[in-house]
Structure formats: C-alpha cells, structure tokens
Amino acid sequence: MTQTLTIHRPDDWHVHLRDGALLQGVAHHTARQFARAIVMPNLNPPMTDCEGVAAYRTRIMAALGEAADFTPLMTLYLTDATDPDEVARGHAAGVFVAAKLYPAHATTGSAHGVTDIRRIYPVLERMAAIGMPLLIHGEVTDAHVDIFDREAVFIERTLTRLIADISDLRVVFEHITTAEAADFVAGAGPNVAATITPQHLHLNRNAMLVGGIRPHAYCLPVAKREHHRLALRKLATSGFARVFLGTDTAPHAQHLKEAACGCAGIFNAPFALESYATVFDEEGALDKFEAFASLNGPAFYRLPVNPQTVTLVREPVTVPDSYDCNGTTIVPFHAGETLNWKWLG
Ligand code: DOR
Ligand code: ZN
C-alpha cells in the first residue's frame, strides 16, 4: 500500500480570496499548499477593468507578504458592457489570464453578471482569437428551472451552442457537479476542460439535508444526487487530461452561513490537498493524483509545471472545528473530521 506521495507542487484553478480584512485572514491558507491559483473576481464591486484587477493583485501580494512563494492568476469579471479592447489590453499586459462568466444572479456576487451570452459574443470572439480562456459558472438562472437541474439545462441551452458558435474559444467549465457535465467534458474537443471541487467529490445532496439543514455543506452549484458524485469521482480519478483541481474555496463568516438565508460557499483551503488525496486513495487512483493536481491545469493554461515538489503521507489528520481568519470565525470543510492523508509541505 502506498504510504507516501510526492508530486509536483499543485495549483488551485479556482479560488475566492475575498478582500480587505478577510483576504488577510484566508489567503495564506491557499498560498501554503498551492504555487498558483486562479482568483475569482466576484468582489463587491466586481473586478471589471484592468486597473481594478491590477490593484486587487497588489492587495493579495501585500496580504501574503512579498516573500510568499505564490502567484495569483487574476481574472476579469464579464458584464453585458465589457469592452473587447479592454479584455485584449489586460490579457496582453499580463494583468489577467482569463475572464469569468457569471450568468447574472446565478450565485454570490453575480448581480452584475451577463444577462444573455449573445450580448458578449464580440468579447468571446476576441478571446478566442487571442487564446484567452473563458471560465464559466455553468448554471441557468431561470426561476422555472429546478436548482438541481440548472447545470444540466445550462449545457443544453447555452454551452453546447457556445462551443458550436465559437469553436476556437478555450473554455473551463468550472466546479462541475453532474454526470451530464462529466460526460459533456469527456466528449468535448481539446478546447474544453473542467474543474472539480473536493466537496463535490465527497458529498451528495443528503449531506445538506438529512438530519437537519447543514449550511456548511451548501455551495453553488449545489451538490447533487449520489450518481452524479460517482460520475465526478470517476472522471477526476480517470487520468483524463482536461480535468483538474479547482477547490472553489469560498469563505463566509460562520454567522452568515448559519442563518435563515445562509450564504453559498465552502471554505476548503486549509485541508484541500488532504481532502482530494483521500478521494483518490478511496478510488484506488493515487497514481492519477499528480496529473489532476499538478499537471493537467498547467497544460490547459499553457503554463509550466511547478518545479518544486510536495509530499503527503498516509497519516490521520483532524480538521479544526473553526478558524479565526483575522477576526472572522469560519467553519472549514471537514470540520471535526479525520482525513487519512497528511500534507507535509
Ligand atoms: O458556493 C459558492 N460560493 N459558489 C459560487 O459560485 C460563489 C461562491 C462565493 O463567492 O461565495
Ligand atoms: Zn467559485
């Protein structure tokens, strides 16, 4: 039985680092385990221009200290009004590496998102021309569509057509949660990839609803039925090249989650690698872990693999019940549980 796992240092291809005091409290959890991370732009106000994104990057580095061995990879928040020239300018200058599509009102911080994807086709065509990835929160927002079906309906109504219309566009279908999405990505061409979170590999919707409402298992897209979770585990651990690690770590204060209208988001940064490694071990696929965590993402984003290595050992670790993140109490994913792999750095 494998007892030690040494892999190239991983990257996290989807994180929420927040801003201000909370940024100071959470960013180091991601920078500890990951060399680089794709940073989401859904702040208040959202990061919709080059200057704003560049200033946010500076705040992240200041929060970590300039000596931190971590590179934030920034993203631009798309709105109906995004200017294709601004996108091309920021990408050429290295301010951001990708742009994020939030359908308006799909999730936290998406009120300024895109109301109809056809409105931003000129932006997407320019992104295709310059090879800049589009990162998609793939859920429809139609009130008539059941929340558990919103991802599958997005594939039918929006994604299939987008990929047919702009076939050169490089797309990351983020935090996929369904068998439909797993099948879609597995069957798509080389320009389409996906990320998978640890929570969607560990939890099905029962985790949220059985024995009481459990707000710390609530995120968007919401966890689905068990057969979807099994399909995600199969894809993640299969060795398929266009699926990679993206935690979607999304910290919210404990009191804002344990509320009558609790926030969506799971803070999984502190034990992210331990959580994923446990899944790969359970699936008998530790030999596929490095590709998922450290190789497939850089290949898709056309970046070098990190030269350093990290080591995990088969040893129990217990996750704290909560963290004090610079004055904000946050309950992490797996709070109080014991995981079977320990990250040594
Ligand atoms: O659960 C989520 N939380 N899903 C998202 O898409 C946004 C995120 C957040 O920013 O809190
Ligand atoms: Zn997210």
# chains A, B, ... in the order shown; residues from 1 in each chain; ligands from 1
$ closest_atom_pairs --of "chain A" --to "ligand 2" --cutoff "7 Å" --atoms "only C-alpha atoms and all ligand atoms" --output "CSV"
residue,atom,partner,partner_atom_place_in_ligand_line,distance
A:His14,CA,ligand 2,1 (Zn),6.3
A:Val15,CA,ligand 2,1 (Zn),6.2
A:His16,CA,ligand 2,1 (Zn),6.3
A:Met40,CA,ligand 2,1 (Zn),6.6
A:Asp248,CA,ligand 2,1 (Zn),4.5
A:Ala250,CA,ligand 2,1 (Zn),6.6
$ write_last_selection --atoms "N, CA, C and O atoms" --output "PDB file, in the first residue's frame"
ATOM      1  N   HIS A  14      -9.255  27.544  -9.072  1.00  0.00           N
ATOM      2  CA  HIS A  14     -10.491  28.298  -8.775  1.00  0.00           C
ATOM      3  C   HIS A  14     -10.558  28.608  -7.283  1.00  0.00           C
ATOM      4  O   HIS A  14     -10.868  27.729  -6.480  1.00  0.00           O
ATOM      5  N   VAL A  15     -10.292  29.855  -6.917  1.00  0.00           N
ATOM      6  CA  VAL A  15     -10.393  30.246  -5.508  1.00  0.00           C
ATOM      7  C   VAL A  15     -11.083  31.610  -5.365  1.00  0.00           C
ATOM      8  O   VAL A  15     -11.023  32.454  -6.258  1.00  0.00           O
ATOM      9  N   HIS A  16     -11.676  31.802  -4.184  1.00  0.00           N
ATOM     10  CA  HIS A  16     -12.194  33.118  -3.784  1.00  0.00           C
ATOM     11  C   HIS A  16     -11.326  33.588  -2.628  1.00  0.00           C
ATOM     12  O   HIS A  16     -11.381  33.019  -1.538  1.00  0.00           O
ATOM     13  N   MET A  40     -10.910  34.392  -8.337  1.00  0.00           N
ATOM     14  CA  MET A  40     -12.214  34.842  -8.833  1.00  0.00           C
ATOM     15  C   MET A  40     -12.412  36.339  -8.600  1.00  0.00           C
ATOM     16  O   MET A  40     -11.954  36.889  -7.587  1.00  0.00           O
ATOM     17  N   ASP A 248     -12.675  25.927  -5.456  1.00  0.00           N
ATOM     18  CA  ASP A 248     -13.789  26.856  -5.202  1.00  0.00           C
ATOM     19  C   ASP A 248     -13.880  27.202  -3.718  1.00  0.00           C
ATOM     20  O   ASP A 248     -14.978  27.403  -3.193  1.00  0.00           O
ATOM     21  N   ALA A 250     -14.516  29.122  -0.734  1.00  0.00           N
ATOM     22  CA  ALA A 250     -15.377  30.319  -0.727  1.00  0.00           C
ATOM     23  C   ALA A 250     -15.772  30.641   0.708  1.00  0.00           C
ATOM     24  O   ALA A 250     -16.849  30.263   1.176  1.00  0.00           O
TER      25      ALA A 250
END
$ residues_around --residues "Val185 (chain A)" --least-positions-apart "6" --cutoff "7 Å" --atoms "only C-alpha atoms" --output "PyMOL selection string"
chain A and resi 192-194
$ residues_near_ligand --ligand "ligand 1" --cutoff "10 Å" --atoms "only C-alpha atoms and all ligand atoms" --output "ChimeraX atom specification"
/A:15-18,40-43,102,106-110,136-139,174-175,217-222,248-252,263-267
$ atom_distance --atom1 "CA of Asp183 (chain A)" --atom2 "CA of Ser238 (chain A)"
12.7 Å
$ atom_distance --atom1 "CA of Glu290 (chain A)" --atom2 "CA of Ala37 (chain A)"
16.3 Å
$ residues_around --residues "region 334-341 of chain A" --least-positions-apart "4" --cutoff "7 Å" --atoms "only C-alpha atoms" --output "VMD selection string"
chain A and resid 274 to 275 277 to 278 312 to 322
$ write_last_selection --atoms "N, CA, C and O atoms" --output "PDB file, in the first residue's frame"
ATOM      1  N   GLU A 274      -5.295  17.319   1.347  1.00  0.00           N
ATOM      2  CA  GLU A 274      -5.637  16.130   2.134  1.00  0.00           C
ATOM      3  C   GLU A 274      -7.006  15.593   1.699  1.00  0.00           C
ATOM      4  O   GLU A 274      -7.226  14.378   1.623  1.00  0.00           O
ATOM      5  N   SER A 275      -7.927  16.515   1.440  1.00  0.00           N
ATOM      6  CA  SER A 275      -9.287  16.123   1.052  1.00  0.00           C
ATOM      7  C   SER A 275      -9.289  15.415  -0.304  1.00  0.00           C
ATOM      8  O   SER A 275      -9.878  14.343  -0.464  1.00  0.00           O
ATOM      9  N   ALA A 277      -6.679  14.023  -1.825  1.00  0.00           N
ATOM     10  CA  ALA A 277      -5.874  12.798  -1.786  1.00  0.00           C
ATOM     11  C   ALA A 277      -6.683  11.647  -1.198  1.00  0.00           C
ATOM     12  O   ALA A 277      -6.578  10.498  -1.651  1.00  0.00           O
ATOM     13  N   THR A 278      -7.520  11.948  -0.218  1.00  0.00           N
ATOM     14  CA  THR A 278      -8.375  10.922   0.389  1.00  0.00           C
ATOM     15  C   THR A 278      -9.308  10.309  -0.660  1.00  0.00           C
ATOM     16  O   THR A 278      -9.499   9.094  -0.713  1.00  0.00           O
ATOM     17  N   LEU A 312       2.826  14.121   0.603  1.00  0.00           N
ATOM     18  CA  LEU A 312       1.752  13.744   1.529  1.00  0.00           C
ATOM     19  C   LEU A 312       2.061  12.347   2.046  1.00  0.00           C
ATOM     20  O   LEU A 312       2.626  11.526   1.322  1.00  0.00           O
ATOM     21  N   VAL A 313       1.688  12.097   3.299  1.00  0.00           N
ATOM     22  CA  VAL A 313       1.900  10.759   3.868  1.00  0.00           C
ATOM     23  C   VAL A 313       0.574  10.208   4.382  1.00  0.00           C
ATOM     24  O   VAL A 313      -0.323  10.973   4.773  1.00  0.00           O
ATOM     25  N   ARG A 314       0.470   8.887   4.376  1.00  0.00           N
ATOM     26  CA  ARG A 314      -0.742   8.251   4.900  1.00  0.00           C
ATOM     27  C   ARG A 314      -0.701   8.298   6.427  1.00  0.00           C
ATOM     28  O   ARG A 314      -0.070   7.487   7.080  1.00  0.00           O
ATOM     29  N   GLU A 315      -1.350   9.303   6.962  1.00  0.00           N
ATOM     30  CA  GLU A 315      -1.352   9.528   8.404  1.00  0.00           C
ATOM     31  C   GLU A 315      -2.607  10.319   8.727  1.00  0.00           C
ATOM     32  O   GLU A 315      -2.952  11.233   7.973  1.00  0.00           O
ATOM     33  N   PRO A 316      -3.282  10.000   9.806  1.00  0.00           N
ATOM     34  CA  PRO A 316      -4.523  10.734  10.110  1.00  0.00           C
ATOM     35  C   PRO A 316      -4.277  12.187  10.502  1.00  0.00           C
ATOM     36  O   PRO A 316      -3.308  12.477  11.215  1.00  0.00           O
ATOM     37  N   VAL A 317      -5.142  13.064  10.010  1.00  0.00           N
ATOM     38  CA  VAL A 317      -5.117  14.474  10.441  1.00  0.00           C
ATOM     39  C   VAL A 317      -6.553  14.875  10.776  1.00  0.00           C
ATOM     40  O   VAL A 317      -7.487  14.516  10.062  1.00  0.00           O
ATOM     41  N   THR A 318      -6.700  15.613  11.861  1.00  0.00           N
ATOM     42  CA  THR A 318      -8.037  16.054  12.257  1.00  0.00           C
ATOM     43  C   THR A 318      -8.199  17.533  11.928  1.00  0.00           C
ATOM     44  O   THR A 318      -7.325  18.348  12.244  1.00  0.00           O
ATOM     45  N   VAL A 319      -9.295  17.846  11.274  1.00  0.00           N
ATOM     46  CA  VAL A 319      -9.559  19.217  10.825  1.00  0.00           C
ATOM     47  C   VAL A 319     -10.190  19.998  11.984  1.00  0.00           C
ATOM     48  O   VAL A 319     -11.121  19.500  12.627  1.00  0.00           O
ATOM     49  N   PRO A 320      -9.693  21.205  12.260  1.00  0.00           N
ATOM     50  CA  PRO A 320     -10.277  22.017  13.350  1.00  0.00           C
ATOM     51  C   PRO A 320     -11.762  22.306  13.127  1.00  0.00           C
ATOM     52  O   PRO A 320     -12.237  22.315  11.987  1.00  0.00           O
ATOM     53  N   ASP A 321     -12.468  22.579  14.224  1.00  0.00           N
ATOM     54  CA  ASP A 321     -13.899  22.912  14.136  1.00  0.00           C
ATOM     55  C   ASP A 321     -14.115  24.266  13.482  1.00  0.00           C
ATOM     56  O   ASP A 321     -15.139  24.492  12.835  1.00  0.00           O
ATOM     57  N   SER A 322     -13.175  25.195  13.708  1.00  0.00           N
ATOM     58  CA  SER A 322     -13.304  26.508  13.071  1.00  0.00           C
ATOM     59  C   SER A 322     -11.942  27.196  13.058  1.00  0.00           C
ATOM     60  O   SER A 322     -11.004  26.744  13.725  1.00  0.00           O
TER      61      SER A 322
END
$ closest_residue --among "A:Asp287, A:Asp83, A:Glu258, A:Asp146" --to "Thr48 (chain A)" --atoms "only C-alpha atoms"
A:Asp83
$ select_by_dssp --residues "region 76-193 of chain A" --states "alpha helix (DSSP H)" --output "short mmCIF file (atom, residue, chain, number, x, y, z; two decimals) with all heavy atoms, in the first residue's frame"
data_model
loop_
_atom_site.label_atom_id
_atom_site.label_comp_id
_atom_site.auth_asym_id
_atom_site.auth_seq_id
_atom_site.Cartn_x
_atom_site.Cartn_y
_atom_site.Cartn_z
N PRO A 84 -14.36 44.53 -25.66
CA PRO A 84 -13.36 43.56 -26.16
C PRO A 84 -11.93 44.12 -26.13
O PRO A 84 -10.98 43.38 -25.86
CB PRO A 84 -13.81 43.29 -27.60
CG PRO A 84 -15.24 43.67 -27.66
CD PRO A 84 -15.46 44.74 -26.61
N ASP A 85 -11.79 45.42 -26.37
CA ASP A 85 -10.44 46.02 -26.36
C ASP A 85 -9.82 46.00 -24.97
O ASP A 85 -8.62 45.80 -24.82
CB ASP A 85 -10.48 47.47 -26.87
CG ASP A 85 -10.82 47.54 -28.35
OD1 ASP A 85 -10.59 46.53 -29.06
OD2 ASP A 85 -11.32 48.59 -28.79
N GLU A 86 -10.66 46.22 -23.95
CA GLU A 86 -10.17 46.18 -22.56
C GLU A 86 -9.70 44.77 -22.20
O GLU A 86 -8.67 44.59 -21.55
CB GLU A 86 -11.32 46.60 -21.62
CG GLU A 86 -10.99 46.59 -20.13
CD GLU A 86 -10.21 47.82 -19.68
OE1 GLU A 86 -9.84 48.65 -20.53
OE2 GLU A 86 -9.97 47.92 -18.45
N VAL A 87 -10.43 43.79 -22.68
CA VAL A 87 -10.06 42.39 -22.42
C VAL A 87 -8.72 42.09 -23.08
O VAL A 87 -7.80 41.53 -22.45
CB VAL A 87 -11.16 41.44 -22.96
CG1 VAL A 87 -10.75 39.98 -22.78
CG2 VAL A 87 -12.48 41.71 -22.26
N ALA A 88 -8.58 42.47 -24.32
CA ALA A 88 -7.33 42.18 -25.05
C ALA A 88 -6.16 42.95 -24.43
O ALA A 88 -5.05 42.41 -24.30
CB ALA A 88 -7.50 42.55 -26.53
N ARG A 89 -6.41 44.18 -24.01
CA ARG A 89 -5.36 45.01 -23.41
C ARG A 89 -4.86 44.38 -22.10
O ARG A 89 -3.65 44.22 -21.89
CB ARG A 89 -5.94 46.40 -23.13
CG ARG A 89 -4.97 47.41 -22.55
CD ARG A 89 -5.57 48.81 -22.60
NE ARG A 89 -6.56 49.06 -21.56
CZ ARG A 89 -6.29 49.56 -20.36
NH1 ARG A 89 -5.04 49.90 -20.05
NH2 ARG A 89 -7.24 49.76 -19.48
N GLY A 90 -5.77 44.00 -21.23
CA GLY A 90 -5.39 43.42 -19.95
C GLY A 90 -4.71 42.07 -20.10
O GLY A 90 -3.78 41.74 -19.36
N HIS A 91 -5.14 41.30 -21.08
CA HIS A 91 -4.53 39.99 -21.31
C HIS A 91 -3.11 40.16 -21.84
O HIS A 91 -2.17 39.52 -21.35
CB HIS A 91 -5.39 39.17 -22.29
CG HIS A 91 -4.93 37.76 -22.46
ND1 HIS A 91 -4.29 37.31 -23.58
CD2 HIS A 91 -5.00 36.70 -21.61
CE1 HIS A 91 -3.99 36.03 -23.43
NE2 HIS A 91 -4.40 35.63 -22.25
N ALA A 92 -2.96 41.07 -22.81
CA ALA A 92 -1.62 41.30 -23.40
C ALA A 92 -0.65 41.84 -22.35
O ALA A 92 0.54 41.50 -22.35
CB ALA A 92 -1.74 42.28 -24.57
N TYR A 121 -20.88 38.08 -27.27
CA TYR A 121 -20.19 37.34 -28.32
C TYR A 121 -18.98 38.09 -28.89
O TYR A 121 -17.95 37.47 -29.16
CB TYR A 121 -21.18 36.92 -29.43
CG TYR A 121 -21.71 35.50 -29.25
CD1 TYR A 121 -21.86 34.93 -27.99
CD2 TYR A 121 -22.05 34.72 -30.36
CE1 TYR A 121 -22.34 33.63 -27.84
CE2 TYR A 121 -22.52 33.41 -30.22
CZ TYR A 121 -22.66 32.88 -28.95
OH TYR A 121 -23.12 31.59 -28.81
N PRO A 122 -19.05 39.42 -29.08
CA PRO A 122 -17.84 40.11 -29.58
C PRO A 122 -16.65 39.94 -28.63
O PRO A 122 -15.51 39.79 -29.09
CB PRO A 122 -18.28 41.58 -29.66
CG PRO A 122 -19.77 41.51 -29.82
CD PRO A 122 -20.21 40.32 -29.01
N VAL A 123 -16.91 39.95 -27.33
CA VAL A 123 -15.83 39.73 -26.36
C VAL A 123 -15.30 38.30 -26.49
O VAL A 123 -14.09 38.06 -26.53
CB VAL A 123 -16.34 39.97 -24.91
CG1 VAL A 123 -15.30 39.54 -23.89
CG2 VAL A 123 -16.73 41.43 -24.71
N LEU A 124 -16.21 37.35 -26.58
CA LEU A 124 -15.80 35.94 -26.63
C LEU A 124 -15.05 35.63 -27.92
O LEU A 124 -14.10 34.84 -27.94
CB LEU A 124 -17.02 35.03 -26.46
CG LEU A 124 -17.81 35.25 -25.16
CD1 LEU A 124 -18.98 34.27 -25.08
CD2 LEU A 124 -16.92 35.13 -23.93
N GLU A 125 -15.45 36.28 -29.01
CA GLU A 125 -14.74 36.08 -30.29
C GLU A 125 -13.32 36.62 -30.19
O GLU A 125 -12.37 36.02 -30.70
CB GLU A 125 -15.53 36.72 -31.43
CG GLU A 125 -16.66 35.80 -31.86
CD GLU A 125 -17.82 36.49 -32.57
OE1 GLU A 125 -17.76 37.73 -32.75
OE2 GLU A 125 -18.78 35.77 -32.92
N ARG A 126 -13.17 37.76 -29.51
CA ARG A 126 -11.83 38.32 -29.33
C ARG A 126 -10.99 37.40 -28.43
O ARG A 126 -9.82 37.16 -28.71
CB ARG A 126 -11.92 39.71 -28.70
CG ARG A 126 -10.54 40.38 -28.50
CD ARG A 126 -9.89 40.78 -29.82
NE ARG A 126 -10.57 41.95 -30.31
CZ ARG A 126 -10.26 43.21 -29.98
NH1 ARG A 126 -9.20 43.45 -29.23
NH2 ARG A 126 -10.94 44.22 -30.45
N MET A 127 -11.60 36.88 -27.40
CA MET A 127 -10.87 35.96 -26.52
C MET A 127 -10.43 34.71 -27.28
O MET A 127 -9.30 34.22 -27.08
CB MET A 127 -11.75 35.56 -25.32
CG MET A 127 -11.92 36.70 -24.31
SD MET A 127 -13.12 36.34 -23.02
CE MET A 127 -12.42 34.88 -22.29
N ALA A 128 -11.28 34.21 -28.14
CA ALA A 128 -10.91 33.04 -28.94
C ALA A 128 -9.70 33.38 -29.82
O ALA A 128 -8.75 32.59 -29.94
CB ALA A 128 -12.09 32.59 -29.80
N ALA A 129 -9.72 34.59 -30.38
CA ALA A 129 -8.64 34.99 -31.29
C ALA A 129 -7.30 35.11 -30.56
O ALA A 129 -6.25 34.80 -31.14
CB ALA A 129 -9.00 36.33 -31.96
N ILE A 130 -7.33 35.53 -29.31
CA ILE A 130 -6.06 35.71 -28.58
C ILE A 130 -5.73 34.51 -27.67
O ILE A 130 -4.74 34.53 -26.94
CB ILE A 130 -6.05 37.03 -27.77
CG1 ILE A 130 -7.15 37.04 -26.68
CG2 ILE A 130 -6.20 38.23 -28.69
CD1 ILE A 130 -7.17 38.32 -25.83
N ARG A 150 -30.11 22.99 -12.86
CA ARG A 150 -29.65 24.21 -13.54
C ARG A 150 -28.35 24.01 -14.32
O ARG A 150 -28.14 24.67 -15.34
CB ARG A 150 -29.52 25.35 -12.53
CG ARG A 150 -30.88 25.85 -12.14
CD ARG A 150 -30.86 26.99 -11.16
NE ARG A 150 -32.26 27.35 -10.90
CZ ARG A 150 -32.64 28.44 -10.25
NH1 ARG A 150 -31.73 29.28 -9.78
NH2 ARG A 150 -33.91 28.69 -10.07
N GLU A 151 -27.50 23.12 -13.87
CA GLU A 151 -26.26 22.87 -14.62
C GLU A 151 -26.56 22.09 -15.90
O GLU A 151 -26.08 22.44 -16.99
CB GLU A 151 -25.27 22.12 -13.73
CG GLU A 151 -23.92 21.89 -14.40
CD GLU A 151 -22.93 21.24 -13.43
OE1 GLU A 151 -22.37 21.98 -12.59
OE2 GLU A 151 -22.74 20.02 -13.52
N ALA A 152 -27.36 21.04 -15.77
CA ALA A 152 -27.66 20.22 -16.96
C ALA A 152 -28.40 21.07 -18.01
O ALA A 152 -28.13 20.94 -19.22
CB ALA A 152 -28.50 19.01 -16.56
N VAL A 153 -29.29 21.93 -17.56
CA VAL A 153 -30.02 22.78 -18.51
C VAL A 153 -29.08 23.81 -19.16
O VAL A 153 -29.21 24.14 -20.34
CB VAL A 153 -31.23 23.45 -17.82
CG1 VAL A 153 -31.92 24.46 -18.74
CG2 VAL A 153 -32.23 22.39 -17.36
N PHE A 154 -28.09 24.27 -18.41
CA PHE A 154 -27.11 25.20 -18.98
C PHE A 154 -26.35 24.53 -20.13
O PHE A 154 -26.08 25.17 -21.15
CB PHE A 154 -26.14 25.66 -17.89
CG PHE A 154 -25.13 26.67 -18.36
CD1 PHE A 154 -25.43 28.03 -18.34
CD2 PHE A 154 -23.89 26.28 -18.85
CE1 PHE A 154 -24.50 28.98 -18.79
CE2 PHE A 154 -22.95 27.22 -19.29
CZ PHE A 154 -23.27 28.57 -19.26
N THR A 160 -23.60 24.11 -25.21
CA THR A 160 -23.48 23.36 -26.47
C THR A 160 -23.44 24.35 -27.64
O THR A 160 -22.60 24.23 -28.54
CB THR A 160 -24.67 22.39 -26.62
OG1 THR A 160 -24.67 21.55 -25.47
CG2 THR A 160 -24.55 21.56 -27.87
N ARG A 161 -24.31 25.33 -27.57
CA ARG A 161 -24.37 26.30 -28.66
C ARG A 161 -23.13 27.20 -28.67
O ARG A 161 -22.58 27.50 -29.73
CB ARG A 161 -25.62 27.15 -28.53
CG ARG A 161 -25.80 28.00 -29.76
CD ARG A 161 -27.24 28.26 -30.06
NE ARG A 161 -27.47 29.68 -29.97
CZ ARG A 161 -28.58 30.23 -29.51
NH1 ARG A 161 -29.57 29.48 -29.08
NH2 ARG A 161 -28.71 31.51 -29.48
N LEU A 162 -22.69 27.63 -27.52
CA LEU A 162 -21.49 28.48 -27.45
C LEU A 162 -20.31 27.79 -28.11
O LEU A 162 -19.58 28.40 -28.92
CB LEU A 162 -21.17 28.79 -25.98
CG LEU A 162 -19.83 29.49 -25.75
CD1 LEU A 162 -19.84 30.90 -26.34
CD2 LEU A 162 -19.49 29.54 -24.26
N ILE A 163 -20.12 26.54 -27.79
CA ILE A 163 -18.96 25.82 -28.30
C ILE A 163 -19.07 25.57 -29.81
O ILE A 163 -18.08 25.58 -30.53
CB ILE A 163 -18.78 24.54 -27.47
CG1 ILE A 163 -18.13 24.97 -26.14
CG2 ILE A 163 -17.94 23.49 -28.17
CD1 ILE A 163 -18.25 23.98 -25.05
N ALA A 164 -20.30 25.42 -30.27
CA ALA A 164 -20.51 25.28 -31.72
C ALA A 164 -20.28 26.62 -32.42
O ALA A 164 -19.66 26.69 -33.48
CB ALA A 164 -21.92 24.77 -31.99
N ASP A 165 -20.76 27.69 -31.79
CA ASP A 165 -20.66 29.02 -32.43
C ASP A 165 -19.23 29.54 -32.46
O ASP A 165 -18.82 30.20 -33.42
CB ASP A 165 -21.52 30.04 -31.66
CG ASP A 165 -23.00 29.86 -31.91
OD1 ASP A 165 -23.35 29.09 -32.82
OD2 ASP A 165 -23.81 30.49 -31.18
N ALA A 179 -23.35 14.27 -13.68
CA ALA A 179 -22.92 13.27 -14.67
C ALA A 179 -23.00 13.87 -16.08
O ALA A 179 -22.16 13.58 -16.93
CB ALA A 179 -23.79 12.02 -14.56
N GLU A 180 -24.00 14.71 -16.30
CA GLU A 180 -24.15 15.34 -17.63
C GLU A 180 -22.91 16.18 -17.95
O GLU A 180 -22.41 16.17 -19.08
CB GLU A 180 -25.40 16.23 -17.67
CG GLU A 180 -26.71 15.48 -17.72
CD GLU A 180 -27.25 15.12 -16.34
OE1 GLU A 180 -26.47 15.12 -15.35
OE2 GLU A 180 -28.46 14.82 -16.25
N ALA A 181 -22.43 16.94 -16.97
CA ALA A 181 -21.26 17.79 -17.21
C ALA A 181 -20.01 16.92 -17.41
O ALA A 181 -19.18 17.21 -18.28
CB ALA A 181 -21.06 18.75 -16.04
N ALA A 182 -19.89 15.87 -16.62
CA ALA A 182 -18.72 14.99 -16.78
C ALA A 182 -18.72 14.38 -18.18
O ALA A 182 -17.68 14.35 -18.86
CB ALA A 182 -18.75 13.90 -15.71
N ASP A 183 -19.88 13.92 -18.64
CA ASP A 183 -19.97 13.33 -19.98
C ASP A 183 -19.69 14.38 -21.04
O ASP A 183 -19.02 14.12 -22.05
CB ASP A 183 -21.39 12.78 -20.24
CG ASP A 183 -21.65 11.52 -19.45
OD1 ASP A 183 -20.67 10.94 -18.90
OD2 ASP A 183 -22.83 11.12 -19.37
N PHE A 184 -20.19 15.59 -20.82
CA PHE A 184 -20.01 16.65 -21.81
C PHE A 184 -18.52 16.95 -21.99
O PHE A 184 -18.02 17.03 -23.12
CB PHE A 184 -20.75 17.91 -21.36
CG PHE A 184 -20.63 19.04 -22.33
CD1 PHE A 184 -21.45 19.12 -23.43
CD2 PHE A 184 -19.65 20.02 -22.15
CE1 PHE A 184 -21.31 20.15 -24.36
CE2 PHE A 184 -19.50 21.06 -23.06
CZ PHE A 184 -20.34 21.12 -24.17
N VAL A 185 -17.81 17.11 -20.89
CA VAL A 185 -16.39 17.45 -20.97
C VAL A 185 -15.59 16.29 -21.56
O VAL A 185 -14.71 16.50 -22.41
CB VAL A 185 -15.85 17.86 -19.58
CG1 VAL A 185 -14.35 18.04 -19.59
CG2 VAL A 185 -16.54 19.15 -19.13
N ALA A 186 -15.91 15.10 -21.14
CA ALA A 186 -15.18 13.93 -21.66
C ALA A 186 -15.37 13.79 -23.17
O ALA A 186 -14.46 13.32 -23.87
CB ALA A 186 -15.66 12.67 -20.94
N GLY A 187 -16.53 14.23 -23.65
CA GLY A 187 -16.82 14.08 -25.08
C GLY A 187 -16.49 15.31 -25.91
O GLY A 187 -16.64 15.29 -27.14
#
$ select_by_dssp --residues "region 12-43 of chain A" --states "strand (DSSP E)" --output "PyMOL selection string"
chain A and resi 12-15+36-39
$ write_last_selection --atoms "C-alpha atoms" --output "tab-separated table (two decimals), in the first residue's frame"
chain	number	residue	atom	x	y	z
A	12	ASP	CA	-5.66	25.65	-7.47
A	13	TRP	CA	-7.55	26.65	-10.59
A	14	HIS	CA	-10.49	28.30	-8.78
A	15	VAL	CA	-10.39	30.25	-5.51
A	36	ARG	CA	-0.56	29.45	-8.15
A	37	ALA	CA	-4.29	30.00	-8.04
A	38	ILE	CA	-6.90	31.37	-10.38
A	39	VAL	CA	-8.52	34.16	-8.36
$ residues_around --residues "Asn306 (chain A)" --least-positions-apart "3" --cutoff "12 Å" --atoms "only C-alpha atoms" --output "ChimeraX atom specification"
/A:7-11,34-36,69-71,290,293-299,303,309-310
$ atom_distance --atom1 "CA of Thr311 (chain A)" --atom2 "CA of Ala31 (chain A)"
15.8 Å
$ residues_around --residues "Asp80 (chain A)" --least-positions-apart "3" --cutoff "9 Å" --atoms "only C-alpha atoms" --output "list in words"
Asp83, His112, Gly113, Val114, Thr115, Asp116, Ile117, Arg119 and Ile120 of chain A
$ closest_residue --among "A:Ala272, A:Ala104, A:Ala68, A:Ala143" --to "Pro198 (chain A)" --atoms "only C-alpha atoms"
A:Ala272
$ closest_residue --among "A:Val243, A:Met74, A:Ile166, A:Ala81" --to "Gly131 (chain A)" --atoms "only C-alpha atoms"
A:Ile166
$ decode --residues "region 279-312 of chain A" --atoms "C-alpha atoms" --output "compact mmCIF listing (two decimals), in the first residue's frame"
# COMPACT_ATOMS: atom_id res chain seq x y z
CA VAL A 279 -10.74 10.64 -2.59
CA PHE A 280 -8.02 9.39 -4.94
CA ASP A 281 -6.97 6.85 -2.31
CA GLU A 282 -10.55 5.64 -1.81
CA GLU A 283 -10.84 5.20 -5.58
CA GLY A 284 -7.54 3.29 -5.79
CA ALA A 285 -6.17 6.02 -8.04
CA LEU A 286 -3.28 7.63 -6.17
CA ASP A 287 -1.23 7.17 -9.34
CA LYS A 288 -3.57 9.64 -11.09
CA PHE A 289 -3.43 12.31 -8.38
CA GLU A 290 -0.45 14.24 -9.69
CA ALA A 291 -1.99 14.69 -13.14
CA PHE A 292 -5.19 16.08 -11.63
CA ALA A 293 -3.47 18.30 -9.05
CA SER A 294 -0.30 19.46 -10.77
CA LEU A 295 -0.04 18.63 -14.49
CA ASN A 296 -3.37 18.93 -16.31
CA GLY A 297 -4.10 22.51 -15.25
CA PRO A 298 -0.79 23.98 -16.42
CA ALA A 299 -1.12 22.07 -19.70
CA PHE A 300 -4.53 23.61 -20.38
CA TYR A 301 -3.49 27.11 -19.28
CA ARG A 302 -0.20 26.78 -21.25
CA LEU A 303 1.93 27.41 -18.19
CA PRO A 304 4.96 25.47 -16.93
CA VAL A 305 4.56 22.74 -14.34
CA ASN A 306 5.84 23.96 -10.95
CA PRO A 307 9.39 22.68 -10.46
CA GLN A 308 9.10 22.14 -6.68
CA THR A 309 7.58 19.02 -5.13
CA VAL A 310 5.32 18.43 -2.14
CA THR A 311 4.80 15.29 -0.10
CA LEU A 312 1.75 13.74 1.53
